[in-house]
Structure formats: C-alpha cells, structure tokens
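Colleague: Structure supplied as work33.cif; contents: mmCIF, C-alpha atoms (C1' of nucleotides).
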```
data_input
loop_
_atom_site.label_atom_id
_atom_site.label_comp_id
_atom_site.auth_asym_id
_atom_site.auth_seq_id
_atom_site.Cartn_x
_atom_site.Cartn_y
_atom_site.Cartn_z
CA MET A 46 9.37 -9.08 -43.93
CA GLN A 47 8.44 -11.95 -46.20
CA ASN A 48 11.17 -13.83 -47.95
CA LYS A 49 10.41 -13.48 -51.65
CA ILE A 50 13.41 -15.23 -53.11
CA ASP A 51 11.52 -18.42 -53.86
CA THR A 52 8.78 -16.71 -55.76
CA LYS A 53 11.07 -15.15 -58.33
CA ILE A 54 9.57 -15.34 -61.79
CA HIS A 55 11.89 -16.61 -64.49
CA ASP A 56 12.03 -15.53 -68.11
CA HIS A 57 11.93 -19.12 -69.29
CA LYS A 58 9.85 -22.10 -68.47
CA LEU A 59 10.15 -25.85 -68.80
CA VAL A 60 6.88 -27.74 -69.04
CA VAL A 61 7.51 -31.25 -67.80
CA ILE A 62 5.02 -33.89 -68.90
CA VAL A 63 5.74 -37.15 -67.16
CA GLY A 64 3.76 -40.22 -66.25
CA PRO A 65 3.48 -43.95 -66.58
CA THR A 66 4.16 -45.72 -69.84
CA ALA A 67 1.25 -45.85 -72.30
CA ILE A 68 -0.74 -43.15 -70.50
CA GLY A 69 -0.73 -41.02 -73.65
CA LYS A 70 2.16 -38.62 -72.96
CA THR A 71 3.42 -38.50 -76.53
CA ARG A 72 0.26 -37.00 -77.93
CA VAL A 73 -0.14 -34.54 -75.07
CA ALA A 74 3.46 -33.38 -75.39
CA ILE A 75 3.14 -32.86 -79.12
CA GLU A 76 -0.10 -30.90 -78.79
CA VAL A 77 1.35 -28.71 -76.06
CA ALA A 78 4.57 -28.12 -78.01
CA LYS A 79 2.61 -27.24 -81.13
CA ALA A 80 0.39 -24.83 -79.23
CA LEU A 81 3.42 -23.15 -77.69
CA GLY A 82 5.43 -23.28 -80.90
CA THR A 83 8.32 -25.03 -79.24
CA GLU A 84 10.35 -28.26 -79.14
CA ILE A 85 10.34 -31.46 -77.08
CA ILE A 86 13.08 -32.92 -74.93
CA SER A 87 12.48 -36.60 -74.38
CA CYS A 88 13.44 -37.96 -70.97
CA ASP A 89 13.19 -41.64 -71.65
CA SER A 90 16.18 -43.81 -70.89
CA ARG A 91 15.32 -46.32 -73.61
CA GLN A 92 14.01 -44.25 -76.50
CA MET A 93 17.50 -42.86 -76.79
CA TYR A 94 18.74 -46.07 -78.38
CA ARG A 95 18.26 -45.94 -82.13
CA GLU A 96 18.19 -49.73 -82.50
CA MET A 97 15.17 -49.95 -80.19
CA ARG A 98 12.22 -48.24 -81.80
CA ILE A 99 9.20 -50.49 -81.82
CA GLY A 100 9.60 -51.82 -78.28
CA THR A 101 10.17 -48.39 -76.76
CA ALA A 102 7.19 -46.83 -78.54
CA VAL A 103 9.09 -43.89 -79.98
CA PRO A 104 6.80 -41.31 -81.59
CA GLU A 105 5.68 -41.96 -85.16
CA PRO A 106 7.66 -40.35 -88.02
CA GLU A 107 4.78 -37.89 -88.58
CA GLU A 108 4.88 -36.95 -84.92
CA LEU A 109 8.64 -36.48 -84.97
CA ALA A 110 8.23 -34.35 -88.08
CA ALA A 111 5.52 -32.21 -86.51
CA VAL A 112 7.68 -31.06 -83.60
CA PRO A 113 11.47 -31.21 -83.22
CA HIS A 114 12.42 -33.91 -80.67
CA HIS A 115 15.67 -34.29 -78.74
CA PHE A 116 17.21 -37.38 -77.12
CA ILE A 117 15.43 -39.87 -79.34
CA GLY A 118 17.60 -42.33 -81.22
CA ASN A 119 20.70 -40.34 -80.28
CA LEU A 120 22.56 -43.33 -78.86
CA SER A 121 23.50 -46.85 -79.84
CA VAL A 122 22.88 -49.79 -77.54
CA PHE A 123 26.67 -50.14 -77.37
CA ASP A 124 27.10 -46.69 -75.83
CA TYR A 125 27.56 -46.13 -72.13
CA TYR A 126 25.21 -43.54 -70.76
CA ASN A 127 24.04 -42.32 -67.39
CA VAL A 128 21.75 -39.83 -65.65
CA SER A 129 24.47 -37.32 -65.01
CA MET A 130 25.38 -37.17 -68.68
CA PHE A 131 21.72 -36.59 -69.40
CA GLU A 132 21.54 -33.79 -66.87
CA GLN A 133 24.56 -32.00 -68.34
CA GLU A 134 23.54 -32.42 -71.97
CA CYS A 135 20.03 -31.36 -71.16
CA LEU A 136 21.10 -28.16 -69.41
CA GLN A 137 23.30 -27.26 -72.37
CA LEU A 138 20.52 -27.95 -74.81
CA LEU A 139 18.05 -25.91 -72.78
CA ASP A 140 20.45 -22.96 -72.84
CA LYS A 141 20.29 -23.08 -76.60
CA LEU A 142 16.57 -23.70 -76.90
CA PHE A 143 15.68 -20.90 -74.50
CA GLN A 144 17.38 -18.44 -76.85
CA GLU A 145 14.62 -19.12 -79.35
CA HIS A 146 11.72 -20.27 -77.18
CA GLN A 147 10.21 -18.89 -74.05
CA THR A 148 8.97 -22.34 -73.11
CA VAL A 149 10.31 -25.83 -73.78
CA VAL A 150 8.47 -29.11 -73.27
CA MET A 151 10.01 -32.16 -71.65
CA ALA A 152 8.23 -35.49 -71.89
CA GLY A 153 8.99 -39.00 -70.79
CA GLY A 154 8.77 -41.58 -68.08
CA SER A 155 12.23 -41.95 -66.57
CA GLY A 156 11.72 -40.48 -63.12
CA LEU A 157 15.36 -40.39 -62.15
CA TYR A 158 16.22 -38.48 -65.31
CA VAL A 159 13.43 -35.98 -64.74
CA ASP A 160 14.56 -35.37 -61.18
CA ALA A 161 18.20 -35.04 -62.20
CA LEU A 162 17.23 -32.20 -64.47
CA CYS A 163 14.68 -30.53 -62.21
CA LYS A 164 16.42 -30.97 -58.87
CA GLY A 165 20.00 -31.74 -59.80
CA ILE A 166 22.13 -34.69 -58.93
CA ASP A 167 25.36 -34.76 -56.96
CA ASP A 168 28.55 -34.72 -58.93
CA PHE A 169 31.32 -37.31 -58.77
CA PRO A 170 33.72 -38.76 -61.32
CA THR A 171 32.50 -41.31 -63.83
CA VAL A 172 33.71 -44.76 -62.88
CA ASP A 173 36.31 -46.45 -65.03
CA PRO A 174 34.77 -49.38 -66.95
CA GLU A 175 37.59 -51.58 -65.68
CA ILE A 176 36.62 -50.91 -62.05
CA ARG A 177 32.97 -51.63 -62.81
CA ARG A 178 33.92 -54.89 -64.44
CA THR A 179 36.02 -55.95 -61.47
CA VAL A 180 33.30 -55.18 -58.95
CA THR A 181 30.68 -56.97 -61.06
CA GLU A 182 32.87 -60.05 -61.36
CA LYS A 183 33.52 -60.13 -57.63
CA PHE A 184 29.78 -59.93 -57.00
CA GLU A 185 29.08 -62.76 -59.41
CA GLU A 186 31.77 -64.92 -57.83
CA GLU A 187 31.28 -64.17 -54.15
CA GLY A 188 27.77 -62.81 -53.84
CA ILE A 189 26.26 -59.90 -52.02
CA GLU A 190 28.00 -60.65 -48.70
CA TYR A 191 31.27 -59.69 -50.33
CA LEU A 192 29.80 -56.37 -51.45
CA ARG A 193 28.53 -55.66 -47.96
CA ARG A 194 31.92 -56.34 -46.40
CA GLN A 195 33.63 -54.11 -48.94
CA LEU A 196 31.24 -51.24 -48.42
CA ARG A 197 31.38 -51.50 -44.64
CA MET A 198 35.13 -51.05 -44.94
CA LEU A 199 35.19 -48.35 -47.60
CA ASP A 200 32.21 -46.26 -46.52
CA PRO A 201 30.64 -47.16 -43.16
CA GLU A 202 28.42 -44.11 -43.32
CA HIS A 203 26.76 -45.22 -46.52
CA TYR A 204 26.70 -48.83 -45.35
CA ALA A 205 24.42 -47.72 -42.55
CA LYS A 206 21.99 -46.10 -44.96
CA VAL A 207 21.96 -48.14 -48.14
CA ASP A 208 19.54 -50.97 -48.90
CA LEU A 209 21.85 -53.88 -48.15
CA ARG A 210 19.74 -56.27 -50.20
CA ASN A 211 20.09 -54.25 -53.38
CA HIS A 212 23.36 -55.23 -54.99
CA LYS A 213 23.24 -52.44 -57.57
CA ARG A 214 23.18 -49.72 -54.93
CA ILE A 215 26.08 -51.28 -53.04
CA MET A 216 28.09 -51.82 -56.20
CA LYS A 217 27.70 -48.23 -57.30
CA ALA A 218 28.96 -46.97 -53.96
CA ILE A 219 31.93 -49.33 -53.98
CA GLU A 220 32.85 -48.37 -57.51
CA VAL A 221 32.91 -44.68 -56.62
CA CYS A 222 34.99 -45.36 -53.52
CA LEU A 223 37.53 -47.33 -55.55
CA GLN A 224 37.55 -44.77 -58.33
CA THR A 225 38.09 -41.75 -56.11
CA GLY A 226 39.72 -43.10 -52.98
CA MET A 227 37.03 -41.29 -51.03
CA PRO A 228 33.81 -42.52 -49.44
CA TYR A 229 30.84 -42.45 -51.76
CA SER A 230 28.82 -40.69 -49.07
CA SER A 231 31.23 -37.75 -49.15
CA PHE A 232 29.83 -36.84 -52.56
CA LEU A 233 26.24 -36.83 -51.46
CA THR A 234 24.92 -33.44 -50.47
CA ALA A 235 21.21 -34.08 -50.88
CA GLN A 236 21.01 -30.45 -51.89
CA GLN A 237 18.45 -29.39 -54.39
CA ARG A 238 19.87 -27.24 -57.20
CA THR A 239 18.01 -24.19 -58.34
CA ARG A 240 17.55 -23.83 -62.06
CA PRO A 241 17.52 -20.57 -63.99
CA PHE A 242 14.08 -21.36 -65.40
CA GLY A 243 10.63 -22.07 -64.08
CA ILE A 244 9.32 -25.63 -64.04
CA VAL A 245 5.71 -26.73 -64.42
CA LYS A 246 5.10 -30.42 -63.86
CA ILE A 247 2.08 -32.09 -65.39
CA LEU A 248 1.19 -35.69 -64.65
CA PRO A 249 -1.22 -37.15 -67.20
CA ASP A 250 -3.36 -39.57 -65.24
CA ARG A 251 -6.28 -41.89 -65.91
CA PRO A 252 -7.99 -44.76 -64.07
CA ARG A 253 -5.76 -47.78 -63.60
CA GLU A 254 -8.13 -49.97 -65.60
CA GLU A 255 -7.93 -47.62 -68.57
CA LEU A 256 -4.15 -47.53 -68.37
CA PHE A 257 -3.89 -51.32 -68.31
CA GLU A 258 -6.19 -51.63 -71.32
CA ARG A 259 -3.93 -49.24 -73.20
CA ILE A 260 -0.87 -51.26 -72.21
CA ASN A 261 -2.48 -54.45 -73.54
CA ARG A 262 -3.50 -52.81 -76.77
CA ARG A 263 -0.10 -51.23 -77.28
CA THR A 264 1.64 -54.55 -76.73
CA ASP A 265 -0.46 -56.09 -79.50
CA ILE A 266 0.31 -53.17 -81.79
CA MET A 267 4.04 -53.55 -81.14
CA MET A 268 3.88 -57.22 -82.05
CA GLU A 269 1.99 -56.38 -85.24
CA LYS A 270 4.59 -53.77 -86.10
CA GLY A 271 7.35 -56.37 -85.92
CA LEU A 272 8.74 -56.24 -82.40
CA LEU A 273 9.81 -59.86 -82.69
CA ALA A 274 11.97 -59.11 -85.73
CA GLU A 275 13.47 -56.10 -83.98
CA ALA A 276 14.28 -58.23 -80.95
CA GLU A 277 15.73 -60.97 -83.16
CA SER A 278 18.12 -58.50 -84.75
CA LEU A 279 19.29 -57.46 -81.27
CA TYR A 280 19.48 -60.98 -79.86
CA PRO A 281 23.28 -61.23 -80.18
CA HIS A 282 23.61 -58.18 -77.92
CA ARG A 283 21.02 -59.24 -75.37
CA ARG A 284 23.54 -58.96 -72.53
CA LEU A 285 23.89 -55.21 -72.98
CA ASN A 286 22.23 -53.10 -70.32
CA ALA A 287 20.14 -51.23 -72.87
CA LEU A 288 18.50 -54.51 -73.79
CA ASN A 289 17.52 -55.34 -70.26
CA THR A 290 14.22 -53.79 -71.20
CA VAL A 291 10.58 -54.78 -71.12
CA GLY A 292 9.49 -55.98 -74.53
CA TYR A 293 12.91 -57.33 -75.42
CA LYS A 294 13.98 -59.52 -72.53
CA GLU A 295 10.76 -61.54 -72.71
CA LEU A 296 11.25 -62.16 -76.43
CA PHE A 297 14.88 -63.17 -75.87
CA ALA A 298 13.60 -65.75 -73.39
CA TYR A 299 11.18 -66.98 -76.06
CA MET A 300 14.07 -67.30 -78.51
CA ASP A 301 15.98 -69.25 -75.88
CA GLY A 302 13.03 -71.65 -75.66
CA VAL A 303 12.14 -70.68 -72.10
CA HIS A 304 8.50 -70.14 -73.02
CA ASP A 305 6.23 -69.87 -76.06
CA LEU A 306 5.36 -66.69 -77.90
CA ASN A 307 1.96 -66.24 -76.26
CA THR A 308 3.52 -66.50 -72.82
CA ALA A 309 6.23 -64.04 -73.83
CA THR A 310 3.61 -61.55 -74.99
CA GLU A 311 1.64 -62.01 -71.79
CA LEU A 312 4.82 -61.38 -69.80
CA ILE A 313 5.46 -58.19 -71.74
CA ARG A 314 2.00 -57.00 -70.77
CA ARG A 315 2.53 -57.92 -67.13
CA ASN A 316 6.02 -56.44 -66.86
CA THR A 317 4.81 -53.25 -68.52
CA ARG A 318 2.07 -53.04 -65.87
CA HIS A 319 4.67 -53.49 -63.14
CA TYR A 320 6.82 -50.83 -64.71
CA ALA A 321 3.89 -48.43 -64.92
CA LYS A 322 3.19 -49.04 -61.23
CA ARG A 323 6.77 -48.17 -60.30
CA GLN A 324 6.49 -44.98 -62.30
CA LEU A 325 3.22 -44.10 -60.57
CA THR A 326 4.91 -44.57 -57.20
CA TRP A 327 7.82 -42.38 -58.23
CA PHE A 328 5.79 -39.53 -59.69
CA GLY A 329 3.06 -39.81 -57.10
CA ARG A 330 5.31 -38.61 -54.29
CA ASP A 331 6.24 -35.42 -56.13
CA ALA A 332 4.03 -32.74 -54.60
CA GLU A 333 4.66 -30.38 -57.53
CA MET A 334 2.84 -32.64 -59.98
CA ILE A 335 -0.42 -31.34 -61.41
CA ARG A 336 -2.59 -34.32 -62.27
CA MET A 337 -4.67 -33.97 -65.42
CA HIS A 338 -6.51 -36.35 -67.69
CA PRO A 339 -4.52 -36.75 -70.93
CA ASP A 340 -7.66 -36.35 -73.04
CA LYS A 341 -8.21 -32.82 -71.75
CA ILE A 342 -5.65 -31.29 -74.05
CA ASP A 343 -7.04 -27.75 -73.91
CA GLU A 344 -6.87 -27.66 -70.14
CA ILE A 345 -3.35 -29.00 -70.19
CA ILE A 346 -2.28 -26.37 -72.71
CA ARG A 347 -3.86 -23.66 -70.59
CA THR A 348 -2.08 -24.94 -67.50
CA ALA A 349 1.21 -25.11 -69.38
CA GLU A 350 0.77 -21.49 -70.46
CA GLU A 351 -0.46 -20.01 -67.22
CA GLN A 352 1.37 -21.82 -64.45
CA GLN A 353 4.61 -20.39 -63.19
"C1'" G B 180 -32.18 -91.11 -66.39
"C1'" G B 181 -28.00 -94.13 -63.57
"C1'" U B 182 -23.08 -94.42 -61.40
"C1'" G B 183 -18.51 -92.24 -60.04
"C1'" C B 184 -15.36 -88.03 -59.20
"C1'" C B 185 -14.92 -82.83 -58.12
"C1'" A B 186 -16.48 -77.89 -55.79
"C1'" U B 187 -11.21 -73.94 -50.92
"C1'" A B 188 -8.00 -66.73 -52.80
"C1'" G B 189 -8.59 -63.54 -59.31
"C1'" C B 190 -6.33 -68.52 -61.58
"C1'" U B 191 -4.16 -73.58 -60.77
"C1'" C B 192 -4.33 -76.34 -56.60
"C1'" A B 193 -2.67 -78.09 -51.41
"C1'" G B 194 -4.60 -78.83 -46.50
"C1'" U B 195 -7.12 -79.35 -41.87
"C1'" U B 196 -6.84 -87.69 -38.08
"C1'" G B 197 -13.16 -81.95 -36.55
"C1'" G B 198 -10.47 -76.28 -33.24
"C1'" U B 199 -12.79 -71.08 -39.41
"C1'" A B 200 -6.86 -72.27 -43.95
"C1'" G B 201 -1.76 -71.82 -47.38
"C1'" A B 202 1.52 -72.41 -51.82
"C1'" G B 203 2.76 -70.88 -56.88
"C1'" C B 204 1.22 -67.43 -60.36
"C1'" A B 205 -1.75 -63.04 -60.75
"C1'" A B 206 -2.97 -58.63 -57.88
"C1'" C B 207 -1.78 -54.68 -54.47
"C1'" G B 208 1.64 -51.24 -51.61
"C1'" G B 209 6.52 -49.06 -51.12
"C1'" A B 210 11.89 -47.62 -51.83
"C1'" C B 211 15.05 -45.24 -55.27
"C1'" U B 212 21.58 -39.93 -56.19
"C1'" G B 213 25.75 -42.09 -62.94
"C1'" A B 214 23.14 -49.53 -65.76
"C1'" A B 215 16.69 -46.62 -63.61
"C1'" A B 216 11.79 -49.90 -68.88
"C1'" A B 217 17.16 -51.22 -64.13
"C1'" U B 218 17.40 -52.94 -59.07
"C1'" C B 219 15.30 -53.95 -54.31
"C1'" C B 220 11.60 -54.57 -50.28
"C1'" G B 221 6.73 -55.55 -48.23
"C1'" U B 222 1.25 -57.39 -48.21
"C1'" G B 223 -3.17 -62.95 -48.20
"C1'" U B 224 -7.23 -60.02 -50.48
"C1'" G B 225 -11.44 -66.18 -48.44
"C1'" U B 226 -19.68 -67.00 -46.90
"C1'" C B 227 -13.57 -73.22 -47.70
"C1'" C B 228 -20.86 -74.10 -53.28
"C1'" C B 229 -25.86 -74.22 -50.56
"C1'" U B 230 -28.96 -76.81 -46.90
"C1'" A B 231 -30.19 -79.76 -42.75
"C1'" G B 232 -27.93 -82.98 -39.20
"C1'" U B 233 -24.09 -85.20 -35.64
"C1'" U B 234 -20.81 -82.34 -32.27
"C1'" C B 235 -18.89 -77.96 -27.09
"C1'" G B 236 -17.19 -76.80 -32.10
"C1'" A B 237 -18.09 -78.59 -39.23
"C1'" U B 238 -14.44 -75.95 -44.51
"C1'" U B 239 -13.37 -81.17 -42.82
"C1'" C B 240 -18.01 -86.39 -41.06
"C1'" U B 241 -23.40 -87.61 -42.60
"C1'" U B 242 -28.29 -86.29 -45.43
"C1'" G B 243 -30.49 -83.66 -49.31
"C1'" G B 244 -29.73 -80.00 -53.10
"C1'" U B 245 -27.08 -77.09 -56.99
"C1'" G B 246 -23.17 -76.73 -60.58
"C1'" G B 247 -19.08 -79.03 -63.38
"C1'" C B 248 -16.49 -83.30 -65.45
"C1'" A B 249 -16.26 -88.53 -66.80
"C1'" C B 250 -18.42 -93.09 -67.86
"C1'" C B 251 -22.96 -96.10 -68.60
"C1'" A B 252 -27.71 -95.82 -70.72
#
```
Could you quickly redo this structure as structure tokens?
Modeller:
Amino acid sequence: MQNKIDTKIHDHKLVVIVGPTAIGKTRVAIEVAKALGTEIISCDSRQMYREMRIGTAVPEPEELAAVPHHFIGNLSVFDYYNVSMFEQECLQLLDKLFQEHQTVVMAGGSGLYVDALCKGIDDFPTVDPEIRRTVTEKFEEEGIEYLRRQLRMLDPEHYAKVDLRNHKRIMKAIEVCLQTGMPYSSFLTAQQRTRPFGIVKILPDRPREELFERINRRTDIMMEKGLLAEAESLYPHRRLNALNTVGYKELFAYMDGVHDLNTATELIRRNTRHYAKRQLTWFGRDAEMIRMHPDKIDEIIRTAEEQQ
RNA sequence: GGUGCCAUAGCUCAGUUGGUAGAGCAACGGACUGAAAAUCCGUGUGUCCCUAGUUCGAUUCUUGGUGGCACCA
C-alpha cells in the first residue's frame, strides 16, 4: 500500500515568488496576481518600514494600486519585529485571504521569512528588551569569549552545534536561556510544519551578469529618486537595526566623512551584489524551487496555475 | 629621434641576494531557527610583456624587441 498522505491536494494555494534582489520579482508577482485575480503578501524584511521606500525599492504607487499588497510600509523603523511575528501574522492574514481567493501570491527576498511561513519555525517566548540590552552590553565590553563561556554553561548542547564565531547566533541562544531558564536547544525541534494549503515555489532567475547590470542600474535610479535625502532624514536613527541596510549604511558613512559620494554609491552596488549572492545561496538549496526566467511571464503564470 | 623609468592576479602594487610568487581591494563558494538587506566562514583565480642568451635552473641577471609614462630635442 502506498502512503498517500503527502500527496493530498489542498483547496488553497500559495504561490511563492522569491529570488535575489533586483531580479525582477515585483513585476512578475504583480502580473501573476493580476492573472489570478488575487493579492500579494510581501516577504521582505525591509520594505515593511514605511520610512524606507526608495532604498528598499518598494513597488511604485501604480503597482501598489494595481494589486493589493500586504506587509509593505506597515512598520516604523522604531518598531521591534521578528520572523516569528511575521509567521503568525502571515498565517492569520492567509486565513482571511483564502476566504476570498483560491490562490494568494507571496513575493520577496527574505529567505528566513519565506521558510518560516512555508516550513514553520520553532516557538519560544520573545526575549525581554532588557535582557537583550544586557547581553549586548556584555558582548561589547568583554567580547565573544564571554558569550562562549556563557553559552557553554547555559546550553552545552547548543554550544556544541552553534557557529562559535558568529556572535549573533550565540547571543540569541543566551538571551532565550536567560529569558526562559531553559536551554535554547530545548526549544528546537527541527520539525517541519505542515500547512493547510499547497505551496508552489517559483525562483525567477537570470544570468549573473544580467542581474548585476540590473543592480547597477537600479542603484543609479535610487540615487536619482533621492535616496540621499531619504537617508539624510533617517541619519539620526542610523543605529536602529532597520537602518543596518544596504543603501543606507553606505550613505551614513558618506555623511560621516568616511568616503565620498561616488565611493558610497559604488559600495551600495557591491554590497547589493553580495546580498544577492547570499540570497542565491539560500534559495538555491531549496529543492522545491522551480527556476524560471522572469521575462517569461506567461510560462510563470501557467506554472502558478497548474502546479500543485 | 635621444635619454631615463616602468611592465607580476580583474585593479593598485609588493617580492624573489636566480629554485616558477603574495598583500589589499575586487571576484568566487558556503552557512543560516525571533535584529536576516543582518551575522558568520572559506577560496588565489597568474604564459611574472615577448625574444634570444648566461645558468643545472631565469619572473629575477644580460641582449634585442613591444607597449606605457616622464624629460630632452
């Protein structure tokens, strides 16, 4: 007897369109959503901040008007936000959207956010800001060795697994240990959640050279649109996490006199390329991705309609 | 036309008292469980301009070219 549980066909479907920055996802997503008469959920950790529009390449007003978008400009740079919140809010929103639409489109480039929604993410309490602040201060004062010692004591199991050179990973684990009084690793199940809807993953892809040309061009367009002025208005808040973002941090450095404007622009181009590469690595290991050229809209629409 | 200096990685350059070479940046590869456009890790990719010598051996020394720069005409 064959086990047929995994091949169950759902009533609803999420079409996920993810890929590196500047590949042309926005246009593809809008065309697909229009063809399917549905809405778009953005999964972009930076387009959520309403103060950051030019540098995050949010869709044009006409594009936003053509198809309803969610999770764009819904936060302020002062807000705390995390993947788990995104997962929860997204699931709730999908519940609502699936009452009206058979299919919903998700588009963006934040791999962790995509995976949190598609595969689920383990649940543990949100860490008190006070605890985060304490751990951060200790790290700044005493360095990564301190973090390692702490983690070895609080959660030896995770200590053995974590990248001990990555302070962010260690800090997160310590924070959760301190918050809950339990080892961070005790929250990790590595279990994939099943979702009550089908998921089709499309990865718009083009030759690297083409992608890099688009990144260069888009950087110029952002500058013409007034990215510098946008960054200047955010300069006082440059320490906020939301502003640790390509396109802004390089201009802050320019304002600090670290380098001239041309250098800053060149660094934006380079850092955007690096970012795109990281995204390619992330999405590339997902075997469910269907690679398609973003210019072949009709094929993508057909795939979005037909695939289960 | 003459004299001098230079030619080494994609770029800027270092170096080898003769044993086929290494830095920075760029580039490339990878990891990723609540700050993820973040954070972290790894990799040298080379007719050492060409040619003929000297030498066991030349990217290194010598001859002659070629190209670039500077100065003098």
Colleague: Determine the nearest neighbour of Glu105 in chain A from the options A:Ile117, A:Lys217, A:Val61, A:Phe184, counting only C-alpha atoms.
Modeller: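 For Glu105 in chain A, the nearest of the given residues is A:Ile117.
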Colleague: May I have the residues of chain A within 7 Å of chain B, counting all atoms listed in the file, written as a list in words?
Modeller: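 Putting it all together, I get Arg91, Asn127, Val128, Ser129, Leu157, Ile166, Asp167, Thr171, Arg210, Asn211, Lys213, Asn286, Thr290, Val291 and Tyr320 of chain A.
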Colleague: Could you list, as a list in words, every residue matched by the PyMOL selection byres ((chain B and resi 207) around 9) in this structure?
Modeller: A206, G208, U222 and U224 of chain B
Colleague: For CA of Leu59 in chain A and CA of Lys341 in chain A, quote the distance in Å rounded to one decimal.
Modeller: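 Going from CA of Leu59 in chain A over to CA of Lys341 in chain A, I get 19.9 Å.
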Colleague: Evaluate the PyMOL selection byres ((chain B and resi 189-198) around 9) against this structure - the residues, as a list in words, please.
Modeller: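 Here the PyMOL selection byres ((chain B and resi 189-198) around 9) matches A188, U199, A200, G201, A202, G203, C204, A205, A206, U234, G236, A237, U238, U239 and C240 of chain B.
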Colleague: Quick one: which residues end up in the PyMOL selection byres ((chain A and resi 346) around 9) for this structure, as a list in words?
Modeller: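 In the shown coordinates, the PyMOL selection byres ((chain A and resi 346) around 9) covers Val73, Glu76, Val77, Ala78, Ala80, Leu81, Lys341, Ile342, Asp343, Glu344, Ile345, Arg347, Thr348, Ala349, Glu350 and Glu351 of chain A.
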Colleague: Would you please work out which residue, of A:Thr181, A:Thr310, A:Thr83, A:Asn316, is nearest to Phe257 in chain A when using all atoms listed in the file?
Modeller: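 Of all the options, A:Asn316 lies closest to Phe257 in chain A.
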Colleague: Restricting the calculation to only C-alpha atoms: of A:Phe328, A:Phe116, A:Tyr229, A:Tyr191, which residue gets closest to Val207 in chain A?
Modeller: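 Residue with the minimum atom-to-atom distance to Val207 in chain A: A:Tyr229.
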Colleague: For Met97 in chain A, please output as a list in words all residues within 9 Å (counting all atoms listed in the file; exclusion window: fewer than 6 positions along the same chain).
Modeller: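 The residues satisfying every condition are Arg91, Val103, Gly118, Ser121, Val122, Glu275, Ala276, Leu279, Ala287 and Leu288 of chain A.
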Colleague: For CA of Asn261 in chain A and CA of Ala309 in chain A, determine how far apart the two atoms are, in Å to one decimal place.
Modeller: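 Atom-to-atom, CA of Asn261 in chain A and CA of Ala309 in chain A are spaced 13.0 Å apart.
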Colleague: CA of Ile247 in chain A and CA of Cys163 in chain A are how many Å apart?
Modeller: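 Interatomic distance, CA of Ile247 in chain A to CA of Cys163 in chain A: 13.1 Å.
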Colleague: Given the point (26.6, -41.2, -46.8) in the coordinates of this file, which residues lie within 6 Å, counting all atoms listed in the file, and how would they look as a PyMOL selection string?
Modeller: chain A and resi 202-203+230
